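A.B. asks: Okay, handing you the structure first.
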Amino acid sequence: MIYLDHAATTPLPRAVAEAMYDVLVGDFANPSAQYPAGVAMKKRVEGWRAAIAAAIPCQPRQLHFTSCGTESDNWAIQAALWQNRRVGRHIITTAVEHSAILEPLKLLEQQGYEVTRLKPGRDGMVTARQVADALREDTALVTMMLVNNETGCVFPVAEVAALLRQRGSRALLHTDAVQAFLKVPCDPKALGVDMMSLSAHKIGGPKGIGALYVADTVRAIRPLLPGGGQEEGTRSGTEATAQIAGFAKAVEVRRGDAAASPARLAALKDYCRQKLLAIPGVVEVARGDAPHIIMVSLPGYPSANVITDLGAQGICISAGSACHRGRLSHVVEALGLDKRTAAGVLRISFGPENTEADVDALAAALDAHRARRFPML
Ligand code: PLP
């Protein structure tokens, strides 16, 4: 199989699986238990937290484990609106956030919140200027992703943070860094964000574990899951020890793998861009700066047909977010493409195991598809 859909999820390196196995069947104790095995497990959890925190970088106590990036996004929204409940009920976001942001915001609208969704330009970008124009006295939260999961566009989060400071805004700033972590700089202090969401399965970790970075600017974060008091009382539930071990190991493996370096991925993406744009009819949809995601289109050739055809040959790509099977994603819709281009979008996303040979195979299969079929639109 040639897997070119790393923005959807990533394969798990053997070392990560082994680290998890060790905890699943060996050191299985509950970290809250009082006997030595429990105390030792609590220590290990804190060690894994510290290792992940060092890679962000942040203080270990600022990193809260969650069950996924979706949970982190939902929690960040709730936390910001709770802290700023007297500031107002206005929220600024972009029209191209992940559904883990957009869907909870839709529910909040039904409860009386007002949401401004910034539209991207034709290049997929949103600007700090758009945030400046939308910002109000009663804006409680600005949530803007760092890397868009479909276009690979890197959004100007640091500029937005500077703008909020300069305007003396009390709005909290959250960024969904699920696609950004270990691919573009994510230092939350340098970015100036109050909260940041992460997910392990985009970096070679297991599915079902994420984290929320919470800066000290967020006072007394409101518990997401009240209960037994884990995660310093902020998110109860017995710690997912094996998932956390896997998350930490994935970070270690990724950081030590030269093939996973942003520079290498960017070079591969560049090679892919050249190969694909050489195919008659193929156009670039957005020139995102993230090193691992490229979006192109073969106008007139429905992406579902291309994906099925290539999939049958063992080549895995997508038409956008994995959460939008079969229909045009809201990101593609927001780009305002013509109908033929929108229907033909293809997202290719790279990981450390990909090579130029994978790209060659993709380009040959796509060209053959084009040559075999007539445009349907
Ligand atoms: N945010 C972005 C930008 C994503 O790409 C994803 C996953 O596709 C998520 C959030 C959700 O992460 P998870 O699958 O861990 O819930």
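In the structure tokens, chains take the letters A, B, ... in the order shown, each chain's residues start at 1, and ligands count up from 1 in the order shown.
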What are the nearest atom pairs, with distances in Å to one decimal, for all residues of region 194-217 of chain A that come at most 12 Å from region 79-84 of chain A, using only C-alpha atoms, set out by chain and rising residue number as CSV?

C.D. replies:
```
residue,atom,partner,partner_atom,distance
A:Asp194,CA,A:Ala80,CA,9.0
A:Met195,CA,A:Ala80,CA,8.9
A:Met196,CA,A:Ala80,CA,11.8
A:Leu212,CA,A:Ala79,CA,10.9
A:Tyr213,CA,A:Ala79,CA,11.8
A:Val214,CA,A:Ala79,CA,9.6
A:Ala215,CA,A:Ala80,CA,11.6
A:Thr217,CA,A:Gln83,CA,10.0
```

A.B. asks: With only C-alpha atoms as the counted atoms, please give the residues lying no more than 12 Å from Gly256 (chain A), apart from itself and same-chain residues fewer than 4 positions off, as a PyMOL selection string.

C.D. replies: chain A and resi 55+182+249-252+260-261+352

A.B. asks: Using all heavy atoms, can you write the selected residues to a file as a PDB file, in the first residue's frame?

C.D. replies:
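Result file is selection_7.pdb:
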```
ATOM      1  N   ALA A  55       8.516  18.935  24.175  1.00  0.00           N
ATOM      2  CA  ALA A  55       8.528  19.029  22.709  1.00  0.00           C
ATOM      3  C   ALA A  55       7.669  20.176  22.199  1.00  0.00           C
ATOM      4  O   ALA A  55       7.784  20.583  21.042  1.00  0.00           O
ATOM      5  CB  ALA A  55       8.035  17.720  22.106  1.00  0.00           C
ATOM      6  N   LEU A 182       4.809  19.297  15.505  1.00  0.00           N
ATOM      7  CA  LEU A 182       6.030  18.667  14.966  1.00  0.00           C
ATOM      8  C   LEU A 182       6.198  18.878  13.456  1.00  0.00           C
ATOM      9  O   LEU A 182       7.034  18.243  12.829  1.00  0.00           O
ATOM     10  CB  LEU A 182       6.106  17.175  15.318  1.00  0.00           C
ATOM     11  CG  LEU A 182       6.069  16.833  16.821  1.00  0.00           C
ATOM     12  CD1 LEU A 182       6.290  15.338  17.039  1.00  0.00           C
ATOM     13  CD2 LEU A 182       7.092  17.635  17.614  1.00  0.00           C
ATOM     14  N   LYS A 249       5.970   8.225  23.306  1.00  0.00           N
ATOM     15  CA  LYS A 249       6.939   7.495  22.472  1.00  0.00           C
ATOM     16  C   LYS A 249       6.874   8.018  21.033  1.00  0.00           C
ATOM     17  O   LYS A 249       7.908   8.160  20.364  1.00  0.00           O
ATOM     18  CB  LYS A 249       6.628   5.995  22.531  1.00  0.00           C
ATOM     19  CG  LYS A 249       7.680   5.142  21.896  1.00  0.00           C
ATOM     20  CD  LYS A 249       9.069   5.455  22.434  1.00  0.00           C
ATOM     21  CE  LYS A 249       9.838   4.307  22.926  1.00  0.00           C
ATOM     22  NZ  LYS A 249      11.156   4.604  23.481  1.00  0.00           N
ATOM     23  N   ALA A 250       5.668   8.316  20.565  1.00  0.00           N
ATOM     24  CA  ALA A 250       5.526   8.820  19.189  1.00  0.00           C
ATOM     25  C   ALA A 250       6.271  10.147  19.022  1.00  0.00           C
ATOM     26  O   ALA A 250       6.931  10.385  18.006  1.00  0.00           O
ATOM     27  CB  ALA A 250       4.045   8.991  18.848  1.00  0.00           C
ATOM     28  N   VAL A 251       6.169  10.994  20.036  1.00  0.00           N
ATOM     29  CA  VAL A 251       6.872  12.281  19.995  1.00  0.00           C
ATOM     30  C   VAL A 251       8.380  12.032  19.913  1.00  0.00           C
ATOM     31  O   VAL A 251       9.088  12.631  19.083  1.00  0.00           O
ATOM     32  CB  VAL A 251       6.515  13.139  21.240  1.00  0.00           C
ATOM     33  CG1 VAL A 251       7.431  14.341  21.352  1.00  0.00           C
ATOM     34  CG2 VAL A 251       5.050  13.584  21.175  1.00  0.00           C
ATOM     35  N   GLU A 252       8.855  11.106  20.743  1.00  0.00           N
ATOM     36  CA  GLU A 252      10.296  10.795  20.763  1.00  0.00           C
ATOM     37  C   GLU A 252      10.751  10.239  19.411  1.00  0.00           C
ATOM     38  O   GLU A 252      11.759  10.685  18.849  1.00  0.00           O
ATOM     39  CB  GLU A 252      10.549   9.764  21.878  1.00  0.00           C
ATOM     40  CG  GLU A 252      11.993   9.379  22.055  1.00  0.00           C
ATOM     41  CD  GLU A 252      12.124   8.141  22.951  1.00  0.00           C
ATOM     42  OE1 GLU A 252      11.411   8.031  23.967  1.00  0.00           O
ATOM     43  OE2 GLU A 252      12.960   7.273  22.608  1.00  0.00           O
ATOM     44  N   ALA A 260      11.279  12.370   9.095  1.00  0.00           N
ATOM     45  CA  ALA A 260      10.055  13.075   9.478  1.00  0.00           C
ATOM     46  C   ALA A 260      10.289  14.576   9.598  1.00  0.00           C
ATOM     47  O   ALA A 260       9.377  15.322   9.950  1.00  0.00           O
ATOM     48  CB  ALA A 260       9.543  12.541  10.812  1.00  0.00           C
ATOM     49  N   SER A 261      11.504  15.027   9.296  1.00  0.00           N
ATOM     50  CA  SER A 261      11.797  16.448   9.506  1.00  0.00           C
ATOM     51  C   SER A 261      10.960  17.302   8.552  1.00  0.00           C
ATOM     52  O   SER A 261      10.699  16.902   7.405  1.00  0.00           O
ATOM     53  CB  SER A 261      13.281  16.735   9.284  1.00  0.00           C
ATOM     54  OG  SER A 261      13.557  16.746   7.900  1.00  0.00           O
ATOM     55  N   PRO A 352       6.755  10.235   7.268  1.00  0.00           N
ATOM     56  CA  PRO A 352       8.175   9.896   7.152  1.00  0.00           C
ATOM     57  C   PRO A 352       8.476   8.704   6.246  1.00  0.00           C
ATOM     58  O   PRO A 352       9.562   8.619   5.669  1.00  0.00           O
ATOM     59  CB  PRO A 352       8.590   9.583   8.593  1.00  0.00           C
ATOM     60  CG  PRO A 352       7.336   9.478   9.375  1.00  0.00           C
ATOM     61  CD  PRO A 352       6.297  10.250   8.659  1.00  0.00           C
TER      62      PRO A 352
END
```

A.B. asks: List the spatial neighbours of region 1-7 of chain A as a PyMOL selection string - criterion: any atom at most 6 Å away, only C-alpha atoms, same-chain residues fewer than 2 positions off excluded.

C.D. replies: chain A and resi 9-10+314-317+348-351

A.B. asks: Sorted by chain and rising residue number, which residues of region 49-164 of chain A lie within 10 Å of region 239-242 of chain A, and what are their closest atom pairs and distances in Å to one decimal, counting only C-alpha atoms, as a Markdown table?

C.D. replies:
```
| residue | atom | partner | partner_atom | distance |
| --- | --- | --- | --- | --- |
| A:Phe65 | CA | A:Glu239 | CA | 8.2 |
| A:Thr66 | CA | A:Ala240 | CA | 9.0 |
| A:Ser67 | CA | A:Ala240 | CA | 8.3 |
```

A.B. asks: Using all heavy atoms, can you write the selected residues to a file as an mmCIF file, in the first residue's frame?

C.D. replies:
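result-v5.cif, freshly written:
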```
data_model
loop_
_atom_site.group_PDB
_atom_site.id
_atom_site.type_symbol
_atom_site.label_atom_id
_atom_site.label_comp_id
_atom_site.auth_asym_id
_atom_site.auth_seq_id
_atom_site.Cartn_x
_atom_site.Cartn_y
_atom_site.Cartn_z
ATOM 1 N N PHE A 65 -4.232 15.904 29.483
ATOM 2 C CA PHE A 65 -4.569 14.847 28.524
ATOM 3 C C PHE A 65 -6.078 14.781 28.307
ATOM 4 O O PHE A 65 -6.871 14.987 29.235
ATOM 5 C CB PHE A 65 -4.049 13.491 29.016
ATOM 6 C CG PHE A 65 -2.551 13.389 28.956
ATOM 7 C CD1 PHE A 65 -1.799 13.165 30.105
ATOM 8 C CD2 PHE A 65 -1.883 13.545 27.751
ATOM 9 C CE1 PHE A 65 -0.411 13.092 30.051
ATOM 10 C CE2 PHE A 65 -0.491 13.471 27.676
ATOM 11 C CZ PHE A 65 0.243 13.247 28.830
ATOM 12 N N THR A 66 -6.439 14.495 27.061
ATOM 13 C CA THR A 66 -7.849 14.331 26.683
ATOM 14 C C THR A 66 -7.951 13.052 25.853
ATOM 15 O O THR A 66 -6.948 12.387 25.621
ATOM 16 C CB THR A 66 -8.324 15.516 25.817
ATOM 17 O OG1 THR A 66 -7.540 15.535 24.600
ATOM 18 C CG2 THR A 66 -8.174 16.853 26.528
ATOM 19 N N SER A 67 -9.153 12.761 25.381
ATOM 20 C CA SER A 67 -9.308 11.523 24.604
ATOM 21 C C SER A 67 -9.019 11.723 23.120
ATOM 22 O O SER A 67 -8.950 10.759 22.368
ATOM 23 C CB SER A 67 -10.725 10.976 24.774
ATOM 24 O OG SER A 67 -11.642 11.832 24.126
#
```

A.B. asks: Run DSSP on the backbone and tell me which residues of region 205-329 of chain A come out as strand (DSSP E or B); list them as a PyMOL selection string.

C.D. replies: chain A and resi 210-214+225+235+283-286+293-297+315-316+318

A.B. asks: Please dump the current selection as a compact mmCIF listing (two decimals), in the first residue's frame; keep N, CA and C atoms.

C.D. replies:
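Printed below is result_4.txt as written:
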```
# COMPACT_ATOMS: atom_id res chain seq x y z
N GLY A 210 -5.33 12.79 23.15
CA GLY A 210 -4.99 14.14 22.73
C GLY A 210 -4.55 14.92 23.94
N ALA A 211 -4.35 16.21 23.76
CA ALA A 211 -3.96 17.04 24.89
C ALA A 211 -4.42 18.47 24.63
N LEU A 212 -4.64 19.18 25.73
CA LEU A 212 -4.93 20.61 25.63
C LEU A 212 -3.89 21.35 26.44
N TYR A 213 -3.16 22.25 25.77
CA TYR A 213 -2.24 23.15 26.47
C TYR A 213 -3.08 24.30 27.00
N VAL A 214 -2.86 24.64 28.26
CA VAL A 214 -3.61 25.75 28.87
C VAL A 214 -2.61 26.70 29.53
N LEU A 225 -14.69 17.19 32.81
CA LEU A 225 -15.38 16.00 33.31
C LEU A 225 -15.18 15.95 34.82
N ARG A 235 -10.03 17.07 34.48
CA ARG A 235 -10.65 16.10 33.57
C ARG A 235 -10.54 14.73 34.21
N VAL A 283 -4.55 21.26 -11.50
CA VAL A 283 -4.27 22.62 -11.01
C VAL A 283 -4.03 22.57 -9.50
N GLU A 284 -3.25 23.53 -9.02
CA GLU A 284 -3.04 23.64 -7.58
C GLU A 284 -4.22 24.40 -6.99
N VAL A 285 -4.75 23.92 -5.87
CA VAL A 285 -5.91 24.59 -5.28
C VAL A 285 -5.46 25.64 -4.26
N ALA A 286 -4.55 25.25 -3.39
CA ALA A 286 -4.04 26.20 -2.38
C ALA A 286 -2.56 25.92 -2.18
N ILE A 293 1.10 18.75 3.54
CA ILE A 293 -0.23 18.68 2.90
C ILE A 293 -0.23 19.47 1.59
N ILE A 294 -0.74 18.84 0.54
CA ILE A 294 -0.92 19.57 -0.72
C ILE A 294 -2.32 19.26 -1.25
N MET A 295 -2.97 20.30 -1.77
CA MET A 295 -4.30 20.11 -2.36
C MET A 295 -4.27 20.53 -3.82
N VAL A 296 -4.66 19.60 -4.70
CA VAL A 296 -4.72 19.90 -6.13
C VAL A 296 -6.12 19.53 -6.62
N SER A 297 -6.38 19.77 -7.89
CA SER A 297 -7.66 19.34 -8.46
C SER A 297 -7.43 18.88 -9.90
N ILE A 315 -3.28 2.85 -3.66
CA ILE A 315 -2.77 4.21 -3.39
C ILE A 315 -3.86 4.97 -2.62
N CYS A 316 -3.52 5.40 -1.40
CA CYS A 316 -4.52 6.03 -0.53
C CYS A 316 -4.33 7.54 -0.50
N SER A 318 -7.08 11.36 -0.38
CA SER A 318 -8.45 11.73 -0.02
C SER A 318 -8.87 12.99 -0.77
```

A.B. asks: To check your reading of the model: which residues sit at most 6 Å from ligand 1 when counting only C-alpha atoms and all ligand atoms? Write the answer as number ranges by chain.

C.D. replies: A: 8, 68-70, 98, 100, 148-149, 176, 178-179, 199

A.B. asks: Find the residues around Ala342 (chain A) up to 8 Å (only C-alpha atoms counted), leave out those fewer than 2 positions away in its own chain, and share them as a list in words.

C.D. replies: Ser297, Pro299, Leu328, Val332, Glu333, Leu337, Asp338, Lys339, Arg340, Gly344 and Val345 of chain A

A.B. asks: Considering only C-alpha atoms, state which residue in the set A:Gln130, A:Ser303, A:Thr234, A:Gln313 is at the smallest distance from Ala361 (chain A).

C.D. replies: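 The closest residue to Ala361 (chain A) is A:Gln313.
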